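Q: Take a look at the following structure, please.
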Amino acid sequence: MREILEAQRRAFMAELPVPVAVRKDRLDRATAMLADNATRFCDALSEDFGHRSREQSMITDIAASVGSLRHARKQVDRWARPERKPTMFPLGLLGARARIEYQPKGVVGVIAPWNFPVNLVMAPLAGIFAAGNRAMVKTSEFTPVTAALFEELAPRYFAADELAFVSGGPEVGKIFAELPFDHLLFTGATGIARHILHAAADNLVPVTLELGGKSPVILGRSADVARATERVAMGKMLNAGQICLAPDYMLVPEEQEAAAVAGLTRAATAMYPSLLANPDYTAVINDRHYQRLTDWIEDARAQGAEVIAVNPANEDFSASNSRKLPLHIIRGATDSMKVMQEEIFGPVLPVRSYAAIEDAIDEVNRRDRPLALYYFGRDAAERRRVLDRTVSGGVTLDDVIFHVGQEELPFGGVGPSGMGAYHGEIGFRTFSHARAIFRQSRLDVAKLAGMKPPYGKATWATIKRQMKG
């Protein structure tokens with residue numbers, strides 16, 4: 001890995017400055033790698049998951065990634081232009097000029113997760129390549145077939161000193177995180193992110209962390225319950241809930257709790273009238289995560305929660321080894337239950353009630369700041385109140401998850417849900433160095449401003465002017 005990094009850095013330095021045409025070519029080749037091999041990627045994803053909906057993989061991993069890459073290609077000319085900046089008075093009048101040039105950082109490391117193991121490699125590469133960098137990617141050991149496919153295909157489209165993939169378990173991940181990259185992007189669990197930060201700190205590597213947390217849904221009293229619950233159920237069951245942005249728990253007015261549960265049940269049934277043989281529904285990634293989810297469901301039941309399994313066809317999941325898990329709605333979930341303590345990352349949805357909107361806001365605020373927040377309702381004042389009184393990575397109003405698909409909105413968390421952001425122009429900036437460039441006028445400005453000793457009246461005139469602002 002260190003040899004790959006050193007080769008990439010040598011090639012990067014030899015290439016400077018990186019022409020926009022070269023950046024576009026890399027974006028084109030990344031797009032081609034996906035488009036030419038979409039079927040193989042979908043097959044690999046399904047094999048890794050035990051079963052994964054082909055259409056879902058095409059939407060979330062292939063088409064979404066191509067969209068990010070093509071957007072970057074279209075906008076990179078604009079993003080890469082130097083930005084003129086005003087100079088301090090009176091330097092501009094005397095001929096001085098200031099600008100920012102966005103320079104590539106060098107070699108960016110990407111540690112990708114298992115839940116969207118294609119998109120969460122390729123979407124970051126849109127910003128990395130647009131900014132003029134090279135990249136090394138550590139894939140997840142939980143999706144080995146997809147990882148092997150990347151390692152097979154990448155050399156057909158890229159030289160190893162442009163883009164390289166490495167795979168392996170935690171030991172490889174630890175070594176990878178300790179490499180002296182010019183930037184490191186990690187997507188994954190908050191607990192692992194702490195180790196990533198420690199590893200990167202020894203080399204003072206700047207880090208972007210895309211994490212998760214318990215992203216809440218607040219159902220306002222003015223919301224259309226049927227529409228809201230349909231959209232929440234869609235977001236919760238997409239990829240079987242294995243999404244960092246999935247609705248993690250739902251807060252509903254106490255008098256609407258029964259209607260909300262009924263709406264979720266109705267929506268899940270309409271989308272997935274059966275599950276075991278349904279090609280549209282994705283399996284839980286592995287036995288460990290499946291056991292974790294079932295343990296948490298039993299923990300909630302044992303502590304007195306009402307557990308509603310949405311199983312329209314009355315299928316026997318205990319007799320199957322498919323790792324498919326129906327939506328489980330948890331009513332009466334308390335803080336002592338695991339489902340209210342940890343990010344769920346699966347098709348389990350606690351529904352809790354509130355009396356006043358301030359109670360819902362307080363519920364959100366007493367937990368770690370989430371990656372996303374979702375609010376449904378037509379009450380503009382209440383919507384504004386929720387936005388103003390909460391802190392989260394991003395927000396979708398009257399739906400869930402969709403803000404991540406808006407290329408010109410930053411995608412990132414805050415506090416325990418992440419550090420930094422990417423996507424679109426923000427991603428270009430993240431993977432670039434904003435280099436300040438100042439060109440002095442021909443005049444001896446230091447002398448005119450009294451900045452050269454011996455100090456005198458001109459010095460104090462400059463001081464007074466600066467103090468006044």
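Going by the structure tokens order, chains are called A, B, ..., each with residues numbered from 1, while ligands are numbered from 1 in the order shown.
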Run DSSP on the backbone and grab whatever in range 192-435 of chain A lands in alpha helix (DSSP H); send it over as a CSV table (one decimal) with C-alpha atoms, in the first residue's frame.
A:
chain,number,residue,atom,x,y,z
A,192,ILE,CA,-14.5,3.1,14.1
A,193,ALA,CA,-14.2,6.7,13.1
A,194,ARG,CA,-12.5,7.5,16.4
A,195,HIS,CA,-9.7,5.0,15.5
A,196,ILE,CA,-9.5,6.5,12.0
A,197,LEU,CA,-8.9,10.0,13.5
A,198,HIS,CA,-6.2,8.7,15.8
A,199,ALA,CA,-4.5,6.9,13.0
A,200,ALA,CA,-4.6,9.9,10.7
A,201,ALA,CA,-3.4,12.3,13.4
A,225,VAL,CA,-50.4,11.0,7.8
A,226,ALA,CA,-51.0,8.6,4.9
A,227,ARG,CA,-48.5,10.4,2.6
A,228,ALA,CA,-45.9,10.8,5.4
A,229,THR,CA,-46.0,7.2,6.5
A,230,GLU,CA,-45.8,5.9,2.9
A,231,ARG,CA,-42.6,8.0,2.4
A,232,VAL,CA,-41.1,6.9,5.7
A,233,ALA,CA,-41.8,3.3,5.0
A,234,MET,CA,-40.2,3.6,1.6
A,235,GLY,CA,-37.1,5.1,3.1
A,236,LYS,CA,-36.9,2.7,6.0
A,237,MET,CA,-37.2,-0.4,3.8
A,257,GLU,CA,-49.9,7.3,16.9
A,258,ALA,CA,-52.4,4.6,16.0
A,259,ALA,CA,-53.0,6.2,12.6
A,260,ALA,CA,-49.2,6.5,12.0
A,261,VAL,CA,-48.7,2.8,12.8
A,262,ALA,CA,-51.6,1.8,10.5
A,263,GLY,CA,-50.2,4.0,7.7
A,264,LEU,CA,-46.7,2.4,8.0
A,265,THR,CA,-48.2,-1.0,8.0
A,266,ARG,CA,-50.4,-0.2,5.0
A,267,ALA,CA,-47.5,1.3,3.0
A,268,ALA,CA,-45.1,-1.6,3.7
A,269,THR,CA,-47.8,-4.1,2.7
A,270,ALA,CA,-48.4,-2.3,-0.6
A,271,MET,CA,-44.7,-2.2,-1.5
A,287,ASP,CA,-25.5,-13.4,10.0
A,288,ARG,CA,-24.0,-11.1,12.6
A,289,HIS,CA,-26.1,-8.1,11.7
A,290,TYR,CA,-29.2,-10.2,11.3
A,291,GLN,CA,-28.7,-11.6,14.8
A,292,ARG,CA,-28.1,-8.1,16.2
A,293,LEU,CA,-31.4,-6.9,14.8
A,294,THR,CA,-33.4,-9.9,16.0
A,295,ASP,CA,-31.8,-9.5,19.5
A,296,TRP,CA,-32.7,-5.9,19.6
A,297,ILE,CA,-36.3,-6.7,18.6
A,298,GLU,CA,-36.5,-9.3,21.4
A,299,ASP,CA,-34.9,-6.9,23.9
A,300,ALA,CA,-37.7,-4.4,23.1
A,301,ARG,CA,-40.4,-7.0,23.4
A,302,ALA,CA,-39.0,-8.3,26.7
A,357,ILE,CA,-43.8,20.0,19.3
A,358,GLU,CA,-41.3,21.2,21.9
A,359,ASP,CA,-41.4,17.7,23.4
A,360,ALA,CA,-40.3,16.3,20.1
A,361,ILE,CA,-37.6,18.9,19.7
A,362,ASP,CA,-36.3,18.2,23.2
A,363,GLU,CA,-36.3,14.5,22.3
A,364,VAL,CA,-34.1,15.1,19.3
A,365,ASN,CA,-31.8,17.5,21.2
A,380,ALA,CA,-44.8,26.9,8.3
A,381,ALA,CA,-44.2,28.3,11.7
A,382,GLU,CA,-43.8,24.9,13.3
A,383,ARG,CA,-41.5,23.8,10.4
A,384,ARG,CA,-39.3,26.9,11.0
A,385,ARG,CA,-39.3,26.1,14.8
A,386,VAL,CA,-38.0,22.6,14.2
A,387,LEU,CA,-35.3,23.8,11.8
A,388,ASP,CA,-34.2,26.6,14.1
A,389,ARG,CA,-34.2,24.6,17.3
A,424,GLY,CA,-20.9,18.7,-6.0
A,425,GLU,CA,-19.0,21.9,-5.6
A,426,ILE,CA,-18.6,21.3,-1.8
A,427,GLY,CA,-16.9,18.0,-2.6
A,428,PHE,CA,-14.6,19.8,-5.1
A,429,ARG,CA,-13.6,22.3,-2.4
A,430,THR,CA,-13.1,19.5,0.2
Q: So that I can check the surroundings of His51 in chain A, please list as JSON, numbers by chain every protein, DNA and RNA residue that reaches within 6 Å of it, counting only C-alpha atoms and ignoring chain neighbours fewer than 3 positions away.
A: {"A": [46, 282, 283]}
Q: Write out as CSV a residue-level contact list of range 17-133 of chain A versus range 448-459 of chain A with cut-off 12 Å: for each qualifying residue the closest pair of atoms and the distance in Å to one decimal, counting only C-alpha atoms, rows sorted by chain and residue number upward.
A:
residue,atom,partner,partner_atom,distance
A:Phe89,CA,A:Ala449,CA,11.1
A:Pro90,CA,A:Ala449,CA,9.9
A:Leu91,CA,A:Ala449,CA,10.2
A:Leu94,CA,A:Leu448,CA,10.9
Q: Could you please take those selected residues and save N, CA, C and O atoms as a PDB file, in the first residue's frame?
A:
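result-v1.pdb was written with the following content:
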ATOM      1  N   PHE A  89      -8.295  48.045   1.683  1.00  0.00           N
ATOM      2  CA  PHE A  89      -8.138  49.437   1.246  1.00  0.00           C
ATOM      3  C   PHE A  89      -6.817  49.992   1.791  1.00  0.00           C
ATOM      4  O   PHE A  89      -6.479  49.752   2.952  1.00  0.00           O
ATOM      5  N   PRO A  90      -6.035  50.717   0.992  1.00  0.00           N
ATOM      6  CA  PRO A  90      -6.272  51.124  -0.399  1.00  0.00           C
ATOM      7  C   PRO A  90      -5.469  50.295  -1.405  1.00  0.00           C
ATOM      8  O   PRO A  90      -5.159  50.784  -2.486  1.00  0.00           O
ATOM      9  N   LEU A  91      -5.108  49.037  -1.018  1.00  0.00           N
ATOM     10  CA  LEU A  91      -4.193  48.258  -1.857  1.00  0.00           C
ATOM     11  C   LEU A  91      -4.749  48.046  -3.261  1.00  0.00           C
ATOM     12  O   LEU A  91      -4.019  48.091  -4.251  1.00  0.00           O
ATOM     13  N   LEU A  94      -4.139  50.831  -5.478  1.00  0.00           N
ATOM     14  CA  LEU A  94      -2.730  50.995  -5.820  1.00  0.00           C
ATOM     15  C   LEU A  94      -2.235  49.915  -6.777  1.00  0.00           C
ATOM     16  O   LEU A  94      -1.069  49.899  -7.144  1.00  0.00           O
TER      17      LEU A  94
END
Q: When you look at Pro117 in chain A with a cut-off of 9 Å (counting only C-alpha atoms), what residues show up, excluding the ones that are within fewer than 4 positions of it in the same chain? I need them as a list in words.
A: Leu45, Asp61, Ala112, Pro113, Val121, Met122, Thr139, Ser140, Thr143, Thr146 and Ala147 of chain A
Q: Pick out the residues sitting within 10 Å of Ala313 in chain A, and hand them over as a ChimeraX atom specification; count only C-alpha atoms, and ignore anything fewer than 5 positions along from it in its own chain.
A: /A:269,272-276
Q: Could you dump the residues just selected with all heavy atoms as a CSV table (one decimal), in the first residue's frame?
A:
chain,number,residue,atom,x,y,z
A,269,THR,N,-47.0,-3.0,3.3
A,269,THR,CA,-47.8,-4.1,2.7
A,269,THR,C,-47.9,-3.9,1.2
A,269,THR,O,-47.8,-4.8,0.4
A,269,THR,CB,-49.1,-4.3,3.4
A,269,THR,OG1,-48.9,-4.6,4.8
A,269,THR,CG2,-49.9,-5.4,2.7
A,272,TYR,N,-44.4,-4.3,-0.4
A,272,TYR,CA,-43.9,-5.7,-0.3
A,272,TYR,C,-45.0,-6.6,0.2
A,272,TYR,O,-45.0,-7.0,1.4
A,272,TYR,CB,-42.7,-5.7,0.6
A,272,TYR,CG,-41.6,-4.7,0.2
A,272,TYR,CD1,-41.4,-3.5,0.9
A,272,TYR,CD2,-40.7,-5.0,-0.8
A,272,TYR,CE1,-40.4,-2.6,0.6
A,272,TYR,CE2,-39.7,-4.1,-1.2
A,272,TYR,CZ,-39.6,-2.9,-0.5
A,272,TYR,OH,-38.6,-2.0,-0.8
A,273,PRO,N,-45.9,-7.1,-0.7
A,273,PRO,CA,-46.9,-8.0,-0.2
A,273,PRO,C,-46.4,-9.3,0.2
A,273,PRO,O,-47.1,-10.1,0.9
A,273,PRO,CB,-47.8,-8.1,-1.5
A,273,PRO,CG,-47.0,-7.7,-2.6
A,273,PRO,CD,-46.0,-6.7,-2.1
A,274,SER,N,-45.2,-9.7,-0.2
A,274,SER,CA,-44.5,-10.8,0.3
A,274,SER,C,-43.0,-10.4,0.3
A,274,SER,O,-42.6,-9.4,-0.3
A,274,SER,CB,-44.7,-12.0,-0.6
A,274,SER,OG,-44.1,-11.8,-1.9
A,275,LEU,N,-42.2,-11.2,1.0
A,275,LEU,CA,-40.8,-10.8,1.2
A,275,LEU,C,-39.8,-11.9,0.8
A,275,LEU,O,-38.8,-11.6,0.2
A,275,LEU,CB,-40.6,-10.4,2.7
A,275,LEU,CG,-41.3,-9.2,3.2
A,275,LEU,CD1,-41.2,-9.0,4.7
A,275,LEU,CD2,-40.8,-7.9,2.5
A,276,LEU,N,-40.0,-13.1,1.2
A,276,LEU,CA,-39.0,-14.1,1.1
A,276,LEU,C,-38.6,-14.3,-0.4
A,276,LEU,O,-37.4,-14.4,-0.7
A,276,LEU,CB,-39.5,-15.4,1.7
A,276,LEU,CG,-39.5,-15.5,3.2
A,276,LEU,CD1,-40.0,-16.8,3.7
A,276,LEU,CD2,-38.0,-15.3,3.8
Q: Check range 68-220 of chain A with DSSP on the backbone and list each residue it calls strand (DSSP E), as a PyMOL selection string.
A: chain A and resi 83-85+97-104+107-111+134-138+163-166+183-187+207-210+216-219
Q: Using only C-alpha atoms, can you tell me which of A:Trp114, A:Trp79, A:Phe438, A:Phe41 comes closest to Ala63 in chain A?
A: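 For Ala63 in chain A, the nearest of the candidates is A:Phe41.
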Q: For CA of Lys138 in chain A and CA of Leu211 in chain A, quote the distance in Å rounded to one decimal.
A: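 Between CA of Lys138 in chain A and CA of Leu211 in chain A the gap is 16.4 Å.
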